Structure formats: C-alpha cells, structure tokens
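Worksheet: one structure, shown below.
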Amino acid sequence: MKNKGCLSAGTIGIALLVIVAILFFWGKNGYNNFVAQEQEVITKWANVETVYQKRANLIPNLERTVKSYSKFEQETLTKVVEARSKATSINIDPSNMTEQDLARFQAAQGELSGSLSRLMAVVEQYPNLKADQQYINFQREYTAIENSIRTETVYYNQAVQKYNTSIKQFPNNILANFTNFKEKPAFKAEAGAEKAPEAFSE
C-alpha cells in the first residue's frame, strides 16, 4: 500500500508538471502571438500615417500654385490650409489608441478631404489654373495618394480585425486580459476618410 501511495503521489506530481508545462507553453506562444499581431497593427498604422502625411505635404505646392492666380477665391484656399494644420497636429500612439483617438483623427482628415474637394470644384471655374502644369502635377499625385490611403486603411483594418479576433477568442481572451492586451479601433467606412477621390474633369 505504501508503494502504491508513493506511486500515486509521483504520478500526481508528474501530471501537475505536465499541466504546468502545457500552460507555460500555451501562455508563451499566445503572448508572443499577441505581440506579433499588435506589432503588425502598429506597422500598418505607420503606413496609414505616412500616406496621410504625403497628402499633407502636397498642399504647400498647391497653395503656391493657386496663389499665383490673383482672382482665385482665397477663402477656399485658406480653409484647406487651416484643415491641413489641424490634421497634421493630431498625434496618436498606436499602442494605446482608443476609438475616440481614431475618430478624432478621421474627423480631421475628413475635414481636409472635404476642403480639398471644394477647392478643386472651384478650380473648375478657372480654365487657366486648371490647365497649369503644377496643378496638373498636383492632381496626379493627389489621386495616387488618395488611392494609397484607401489601400493602407484597408490593410490596417485587416490587421486590427485579426488581432482583435485573436485576443477575444476563448481561451486567448483569458490570457489577453491577464497580460493587458486590449482591443484596437478600426477605421469606420462611413467616415469617408479612406474613400477614393472623385475623378478629375478633363
């Protein structure tokens, strides 16, 4: 009986070690997976910021081109410049981004998109400005960048969806809560910040 008792205790000890080992490797692999997916989200966000910054960088050249036409409506141009200033002043930490942070970012970028659309609609009334080579160059670059914005926001949303799904699935959600991995916000399609630009008139 004594030997059987010792054997039982040994078996229990081994079983406990096996359970601990399984939990350790599950926790380690799960944690590392969360880290990798979070880093992918952060990388995709950096790409989003880059293309939005490229768009903002176009505006000084646009401003100089438009200002060369003295009769152009300065109020429309001023609104673009002000919207650019607001959009570029928003800095977000992607590792701690909230729904409110992203909403604020999208609102500012959407305001800039709207201002640019209104300016380009006004340009249609100025044939010489519309035909200016600098403005044509702006159109070309702007269209390419807007398409990149749409692409990069889609990639970002895909990375967010993968990450959020991973940390919310059972039993990963237990580990995620314990290790403080939180859900990331995604771009809202209805906000319009990632929509492709309307075609320019020829």
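Chain identifiers are assigned as A, B, and so on, following the order in which chains appear in the structure tokens; residues are numbered from 1 within each chain, and ligands are numbered from 1 in order of appearance.
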List as CSV every residue of segment 27-125 of chain A that is in contact with segment 137-149 of chain A, defined as an atom at most 7 Å from one of its atoms (using only C-alpha atoms), together with the nearest atom pair and the distance in Å rounded to one decimal, sorted by chain and then rising number.
```
residue,atom,partner,partner_atom,distance
A:Val48,CA,A:Ile149,CA,6.5
A:Val51,CA,A:Ile149,CA,5.8
A:Tyr52,CA,A:Ile149,CA,6.7
A:Arg55,CA,A:Ile145,CA,6.3
A:Leu62,CA,A:Phe138,CA,6.7
```
Nearest-residue call for Met120 of chain A, choices A:Thr76, A:Ser89, A:Ser95, A:Thr153, using only C-alpha atoms =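 Closest to Met120 of chain A, using only C-alpha atoms: A:Thr76.
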Do a neighbour search on Val123 of chain A at 9 Å with only C-alpha atoms, toss out local chain neighbours closer than 6 positions, and write the hits as a CSV table (one decimal) with N, CA and C atoms, in the first residue's frame.
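Final file, result_24.csv:
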```csv
chain,number,residue,atom,x,y,z
A,66,VAL,N,-2.0,78.0,-56.6
A,66,VAL,CA,-3.3,78.7,-56.6
A,66,VAL,C,-3.1,80.2,-56.3
A,72,PHE,N,-8.4,84.1,-57.7
A,72,PHE,CA,-8.9,82.9,-57.1
A,72,PHE,C,-9.5,83.1,-55.8
A,129,LEU,N,-6.0,78.1,-64.6
A,129,LEU,CA,-5.4,77.4,-63.4
A,129,LEU,C,-5.6,75.9,-63.6
A,130,LYS,N,-6.7,75.5,-64.1
A,130,LYS,CA,-6.9,74.0,-64.3
A,130,LYS,C,-5.9,73.4,-65.2
```
Lys162 of chain A surroundings by only C-alpha atoms, 10 Å radius, close-in-sequence under 5 positions cut, as a PyMOL selection string = chain A and resi 37-38+40-41+157+167
Quick one: everything within 12 Å of Pro60 of chain A, counting only C-alpha atoms, minus sequence neighbours fewer than 2 positions away in the same chain. Send it as a ChimeraX atom specification.
-> /A:54-58,62-67,77-78,80-82,84-85,134-135,138
Generate a file of the selected residues that holds C-alpha atoms, formatted as a tab-separated table (two decimals), in the first residue's frame.
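Once written, result.tsv looks like this:
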```
chain	number	residue	atom	x	y	z
A	54	LYS	CA	2.26	62.65	-48.07
A	55	ARG	CA	-1.11	64.19	-48.87
A	56	ALA	CA	-0.50	67.00	-46.39
A	57	ASN	CA	2.91	67.61	-47.95
A	58	LEU	CA	1.27	68.32	-51.32
A	62	LEU	CA	-0.87	73.60	-54.24
A	63	GLU	CA	-1.10	76.79	-52.19
A	64	ARG	CA	1.73	78.43	-54.15
A	65	THR	CA	0.17	77.40	-57.46
A	66	VAL	CA	-3.29	78.67	-56.57
A	67	LYS	CA	-1.99	81.92	-55.08
A	77	LEU	CA	-7.68	78.05	-50.13
A	78	THR	CA	-7.48	79.34	-46.55
A	80	VAL	CA	-7.62	73.98	-46.98
A	81	VAL	CA	-4.55	75.35	-45.24
A	82	GLU	CA	-6.36	75.51	-41.89
A	84	ARG	CA	-4.15	70.75	-43.13
A	85	SER	CA	-2.80	72.39	-39.98
A	134	GLN	CA	1.84	72.50	-61.50
A	135	TYR	CA	-1.84	71.96	-60.80
A	138	PHE	CA	-0.86	68.04	-58.06
```
So what do you get for atom CA of Ala36 of chain A versus atom CA of Asn91 of chain A, distance-wise?
->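 Atom CA of Ala36 of chain A sits 23.2 Å away from atom CA of Asn91 of chain A.
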Within 10 Å of Glu183 of chain A, counting only C-alpha atoms, which residues qualify if same-chain residues fewer than 3 places away don't, as number ranges by chain?
-> A: 38, 96-99, 160-161, 163-168, 176, 180, 186
Tell me, as a PDB file with all heavy atoms, in the first residue's frame, which residues lie within 10 Å of Phe105 of chain A, counting only C-alpha atoms; anything in the same chain fewer than 2 positions away does not count.
```
ATOM      1  N   LYS A  86      -4.743  71.474 -38.880  1.00  0.00           N
ATOM      2  CA  LYS A  86      -5.457  70.701 -37.871  1.00  0.00           C
ATOM      3  C   LYS A  86      -5.161  69.213 -38.005  1.00  0.00           C
ATOM      4  O   LYS A  86      -4.911  68.517 -37.013  1.00  0.00           O
ATOM      5  CB  LYS A  86      -6.965  70.954 -37.994  1.00  0.00           C
ATOM      6  CG  LYS A  86      -7.797  70.232 -36.951  1.00  0.00           C
ATOM      7  CD  LYS A  86      -9.271  70.587 -37.107  1.00  0.00           C
ATOM      8  CE  LYS A  86     -10.128  69.837 -36.095  1.00  0.00           C
ATOM      9  NZ  LYS A  86     -11.571  70.158 -36.254  1.00  0.00           N
ATOM     10  N   ALA A  87      -5.177  68.728 -39.237  1.00  0.00           N
ATOM     11  CA  ALA A  87      -4.963  67.302 -39.481  1.00  0.00           C
ATOM     12  C   ALA A  87      -3.561  66.861 -39.086  1.00  0.00           C
ATOM     13  O   ALA A  87      -3.370  65.772 -38.526  1.00  0.00           O
ATOM     14  CB  ALA A  87      -5.226  66.972 -40.948  1.00  0.00           C
ATOM     15  N   THR A  88      -2.575  67.698 -39.358  1.00  0.00           N
ATOM     16  CA  THR A  88      -1.191  67.320 -39.063  1.00  0.00           C
ATOM     17  C   THR A  88      -0.821  67.530 -37.594  1.00  0.00           C
ATOM     18  O   THR A  88       0.239  67.098 -37.159  1.00  0.00           O
ATOM     19  CB  THR A  88      -0.206  68.111 -39.946  1.00  0.00           C
ATOM     20  OG1 THR A  88      -0.442  69.510 -39.788  1.00  0.00           O
ATOM     21  CG2 THR A  88      -0.366  67.734 -41.412  1.00  0.00           C
ATOM     22  N   SER A  89      -1.706  68.189 -36.843  1.00  0.00           N
ATOM     23  CA  SER A  89      -1.399  68.433 -35.422  1.00  0.00           C
ATOM     24  C   SER A  89      -1.807  67.266 -34.522  1.00  0.00           C
ATOM     25  O   SER A  89      -1.458  67.238 -33.340  1.00  0.00           O
ATOM     26  CB  SER A  89      -2.115  69.699 -34.943  1.00  0.00           C
ATOM     27  OG  SER A  89      -3.521  69.495 -34.893  1.00  0.00           O
ATOM     28  N   ILE A  90      -2.532  66.302 -35.069  1.00  0.00           N
ATOM     29  CA  ILE A  90      -3.016  65.179 -34.270  1.00  0.00           C
ATOM     30  C   ILE A  90      -1.987  64.064 -34.262  1.00  0.00           C
ATOM     31  O   ILE A  90      -1.652  63.497 -35.309  1.00  0.00           O
ATOM     32  CB  ILE A  90      -4.366  64.655 -34.810  1.00  0.00           C
ATOM     33  CG1 ILE A  90      -5.426  65.751 -34.694  1.00  0.00           C
ATOM     34  CG2 ILE A  90      -4.800  63.392 -34.067  1.00  0.00           C
ATOM     35  CD1 ILE A  90      -6.765  65.386 -35.283  1.00  0.00           C
ATOM     36  N   ASN A  91      -1.481  63.759 -33.088  1.00  0.00           N
ATOM     37  CA  ASN A  91      -0.515  62.676 -32.912  1.00  0.00           C
ATOM     38  C   ASN A  91      -1.141  61.571 -32.068  1.00  0.00           C
ATOM     39  O   ASN A  91      -1.689  61.831 -30.999  1.00  0.00           O
ATOM     40  CB  ASN A  91       0.763  63.189 -32.235  1.00  0.00           C
ATOM     41  CG  ASN A  91       1.490  64.211 -33.089  1.00  0.00           C
ATOM     42  OD1 ASN A  91       1.732  63.986 -34.267  1.00  0.00           O
ATOM     43  ND2 ASN A  91       1.816  65.352 -32.503  1.00  0.00           N
ATOM     44  N   ILE A  92      -1.048  60.344 -32.545  1.00  0.00           N
ATOM     45  CA  ILE A  92      -1.674  59.213 -31.868  1.00  0.00           C
ATOM     46  C   ILE A  92      -0.647  58.132 -31.592  1.00  0.00           C
ATOM     47  O   ILE A  92       0.166  57.796 -32.459  1.00  0.00           O
ATOM     48  CB  ILE A  92      -2.822  58.641 -32.721  1.00  0.00           C
ATOM     49  CG1 ILE A  92      -3.932  59.687 -32.880  1.00  0.00           C
ATOM     50  CG2 ILE A  92      -3.390  57.360 -32.102  1.00  0.00           C
ATOM     51  CD1 ILE A  92      -5.055  59.263 -33.790  1.00  0.00           C
ATOM     52  N   GLU A  99     -10.970  54.327 -29.544  1.00  0.00           N
ATOM     53  CA  GLU A  99     -11.963  54.666 -30.563  1.00  0.00           C
ATOM     54  C   GLU A  99     -12.055  56.187 -30.729  1.00  0.00           C
ATOM     55  O   GLU A  99     -12.180  56.701 -31.842  1.00  0.00           O
ATOM     56  CB  GLU A  99     -13.336  54.115 -30.165  1.00  0.00           C
ATOM     57  CG  GLU A  99     -13.444  52.602 -30.212  1.00  0.00           C
ATOM     58  CD  GLU A  99     -13.670  52.072 -31.619  1.00  0.00           C
ATOM     59  OE1 GLU A  99     -13.854  52.891 -32.545  1.00  0.00           O
ATOM     60  OE2 GLU A  99     -13.659  50.844 -31.791  1.00  0.00           O
ATOM     61  N   GLN A 100     -11.961  56.907 -29.608  1.00  0.00           N
ATOM     62  CA  GLN A 100     -12.059  58.365 -29.639  1.00  0.00           C
ATOM     63  C   GLN A 100     -10.864  58.980 -30.380  1.00  0.00           C
ATOM     64  O   GLN A 100     -11.019  59.957 -31.122  1.00  0.00           O
ATOM     65  CB  GLN A 100     -12.146  58.929 -28.220  1.00  0.00           C
ATOM     66  CG  GLN A 100     -13.425  58.600 -27.472  1.00  0.00           C
ATOM     67  CD  GLN A 100     -13.498  57.165 -26.964  1.00  0.00           C
ATOM     68  OE1 GLN A 100     -12.476  56.489 -26.851  1.00  0.00           O
ATOM     69  NE2 GLN A 100     -14.703  56.697 -26.675  1.00  0.00           N
ATOM     70  N   ASP A 101      -9.672  58.411 -30.154  1.00  0.00           N
ATOM     71  CA  ASP A 101      -8.475  58.903 -30.843  1.00  0.00           C
ATOM     72  C   ASP A 101      -8.627  58.763 -32.353  1.00  0.00           C
ATOM     73  O   ASP A 101      -8.358  59.706 -33.112  1.00  0.00           O
ATOM     74  CB  ASP A 101      -7.233  58.115 -30.403  1.00  0.00           C
ATOM     75  CG  ASP A 101      -6.825  58.408 -28.971  1.00  0.00           C
ATOM     76  OD1 ASP A 101      -7.126  59.513 -28.483  1.00  0.00           O
ATOM     77  OD2 ASP A 101      -6.207  57.524 -28.347  1.00  0.00           O
ATOM     78  N   LEU A 102      -9.042  57.574 -32.787  1.00  0.00           N
ATOM     79  CA  LEU A 102      -9.171  57.331 -34.220  1.00  0.00           C
ATOM     80  C   LEU A 102     -10.293  58.169 -34.823  1.00  0.00           C
ATOM     81  O   LEU A 102     -10.169  58.679 -35.943  1.00  0.00           O
ATOM     82  CB  LEU A 102      -9.405  55.848 -34.490  1.00  0.00           C
ATOM     83  CG  LEU A 102      -9.386  55.426 -35.966  1.00  0.00           C
ATOM     84  CD1 LEU A 102      -8.119  55.901 -36.676  1.00  0.00           C
ATOM     85  CD2 LEU A 102      -9.528  53.924 -36.102  1.00  0.00           C
ATOM     86  N   ALA A 103     -11.371  58.336 -34.074  1.00  0.00           N
ATOM     87  CA  ALA A 103     -12.486  59.164 -34.559  1.00  0.00           C
ATOM     88  C   ALA A 103     -12.023  60.610 -34.755  1.00  0.00           C
ATOM     89  O   ALA A 103     -12.389  61.272 -35.736  1.00  0.00           O
ATOM     90  CB  ALA A 103     -13.654  59.109 -33.584  1.00  0.00           C
ATOM     91  N   ALA A 107     -11.895  62.471 -38.299  1.00  0.00           N
ATOM     92  CA  ALA A 107     -12.664  63.705 -38.476  1.00  0.00           C
ATOM     93  C   ALA A 107     -11.788  64.798 -39.074  1.00  0.00           C
ATOM     94  O   ALA A 107     -12.202  65.528 -39.989  1.00  0.00           O
ATOM     95  CB  ALA A 107     -13.256  64.154 -37.146  1.00  0.00           C
ATOM     96  N   ALA A 108     -10.564  64.916 -38.561  1.00  0.00           N
ATOM     97  CA  ALA A 108      -9.645  65.944 -39.060  1.00  0.00           C
ATOM     98  C   ALA A 108      -9.248  65.661 -40.504  1.00  0.00           C
ATOM     99  O   ALA A 108      -9.205  66.569 -41.346  1.00  0.00           O
ATOM    100  CB  ALA A 108      -8.410  66.024 -38.168  1.00  0.00           C
ATOM    101  N   GLN A 109      -8.946  64.398 -40.797  1.00  0.00           N
ATOM    102  CA  GLN A 109      -8.573  64.051 -42.164  1.00  0.00           C
ATOM    103  C   GLN A 109      -9.761  64.203 -43.109  1.00  0.00           C
ATOM    104  O   GLN A 109      -9.604  64.609 -44.268  1.00  0.00           O
ATOM    105  CB  GLN A 109      -8.033  62.610 -42.214  1.00  0.00           C
ATOM    106  CG  GLN A 109      -6.751  62.387 -41.425  1.00  0.00           C
ATOM    107  CD  GLN A 109      -5.568  63.164 -41.965  1.00  0.00           C
ATOM    108  OE1 GLN A 109      -5.590  63.662 -43.094  1.00  0.00           O
ATOM    109  NE2 GLN A 109      -4.518  63.281 -41.169  1.00  0.00           N
ATOM    110  N   GLY A 110     -10.954  63.890 -42.609  1.00  0.00           N
ATOM    111  CA  GLY A 110     -12.149  64.066 -43.421  1.00  0.00           C
ATOM    112  C   GLY A 110     -12.424  65.522 -43.732  1.00  0.00           C
ATOM    113  O   GLY A 110     -12.870  65.873 -44.831  1.00  0.00           O
ATOM    114  N   GLU A 111     -12.135  66.379 -42.753  1.00  0.00           N
ATOM    115  CA  GLU A 111     -12.300  67.824 -42.969  1.00  0.00           C
ATOM    116  C   GLU A 111     -11.346  68.318 -44.049  1.00  0.00           C
ATOM    117  O   GLU A 111     -11.722  69.130 -44.908  1.00  0.00           O
ATOM    118  CB  GLU A 111     -12.039  68.575 -41.658  1.00  0.00           C
ATOM    119  CG  GLU A 111     -12.277  70.067 -41.742  1.00  0.00           C
ATOM    120  CD  GLU A 111     -12.036  70.781 -40.416  1.00  0.00           C
ATOM    121  OE1 GLU A 111     -12.176  70.128 -39.350  1.00  0.00           O
ATOM    122  OE2 GLU A 111     -11.702  71.975 -40.444  1.00  0.00           O
ATOM    123  N   PHE A 187     -10.829  51.791 -38.686  1.00  0.00           N
ATOM    124  CA  PHE A 187     -11.436  52.872 -39.456  1.00  0.00           C
ATOM    125  C   PHE A 187     -12.890  52.526 -39.739  1.00  0.00           C
ATOM    126  O   PHE A 187     -13.215  51.385 -40.066  1.00  0.00           O
ATOM    127  CB  PHE A 187     -10.704  53.065 -40.792  1.00  0.00           C
ATOM    128  CG  PHE A 187      -9.491  53.936 -40.699  1.00  0.00           C
ATOM    129  CD1 PHE A 187      -8.253  53.397 -40.406  1.00  0.00           C
ATOM    130  CD2 PHE A 187      -9.582  55.303 -40.922  1.00  0.00           C
ATOM    131  CE1 PHE A 187      -7.130  54.196 -40.326  1.00  0.00           C
ATOM    132  CE2 PHE A 187      -8.462  56.117 -40.846  1.00  0.00           C
ATOM    133  CZ  PHE A 187      -7.236  55.562 -40.542  1.00  0.00           C
ATOM    134  N   ALA A 193     -12.930  59.036 -44.768  1.00  0.00           N
ATOM    135  CA  ALA A 193     -11.535  59.454 -44.880  1.00  0.00           C
ATOM    136  C   ALA A 193     -10.729  58.557 -45.812  1.00  0.00           C
ATOM    137  O   ALA A 193      -9.728  58.976 -46.363  1.00  0.00           O
ATOM    138  CB  ALA A 193     -10.888  59.459 -43.493  1.00  0.00           C
TER     139      ALA A 193
END
```
State, in Å with one decimal place, the distance from atom CA of Ile136 of chain A to atom CA of Leu116 of chain A.
->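 Between atom CA of Ile136 of chain A and atom CA of Leu116 of chain A the gap works out to 14.5 Å.
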Figure out the distance between atom CA of Gln106 of chain A and atom CA of Pro94 of chain A, please, to one decimal in Å.
-> 14.1 Å
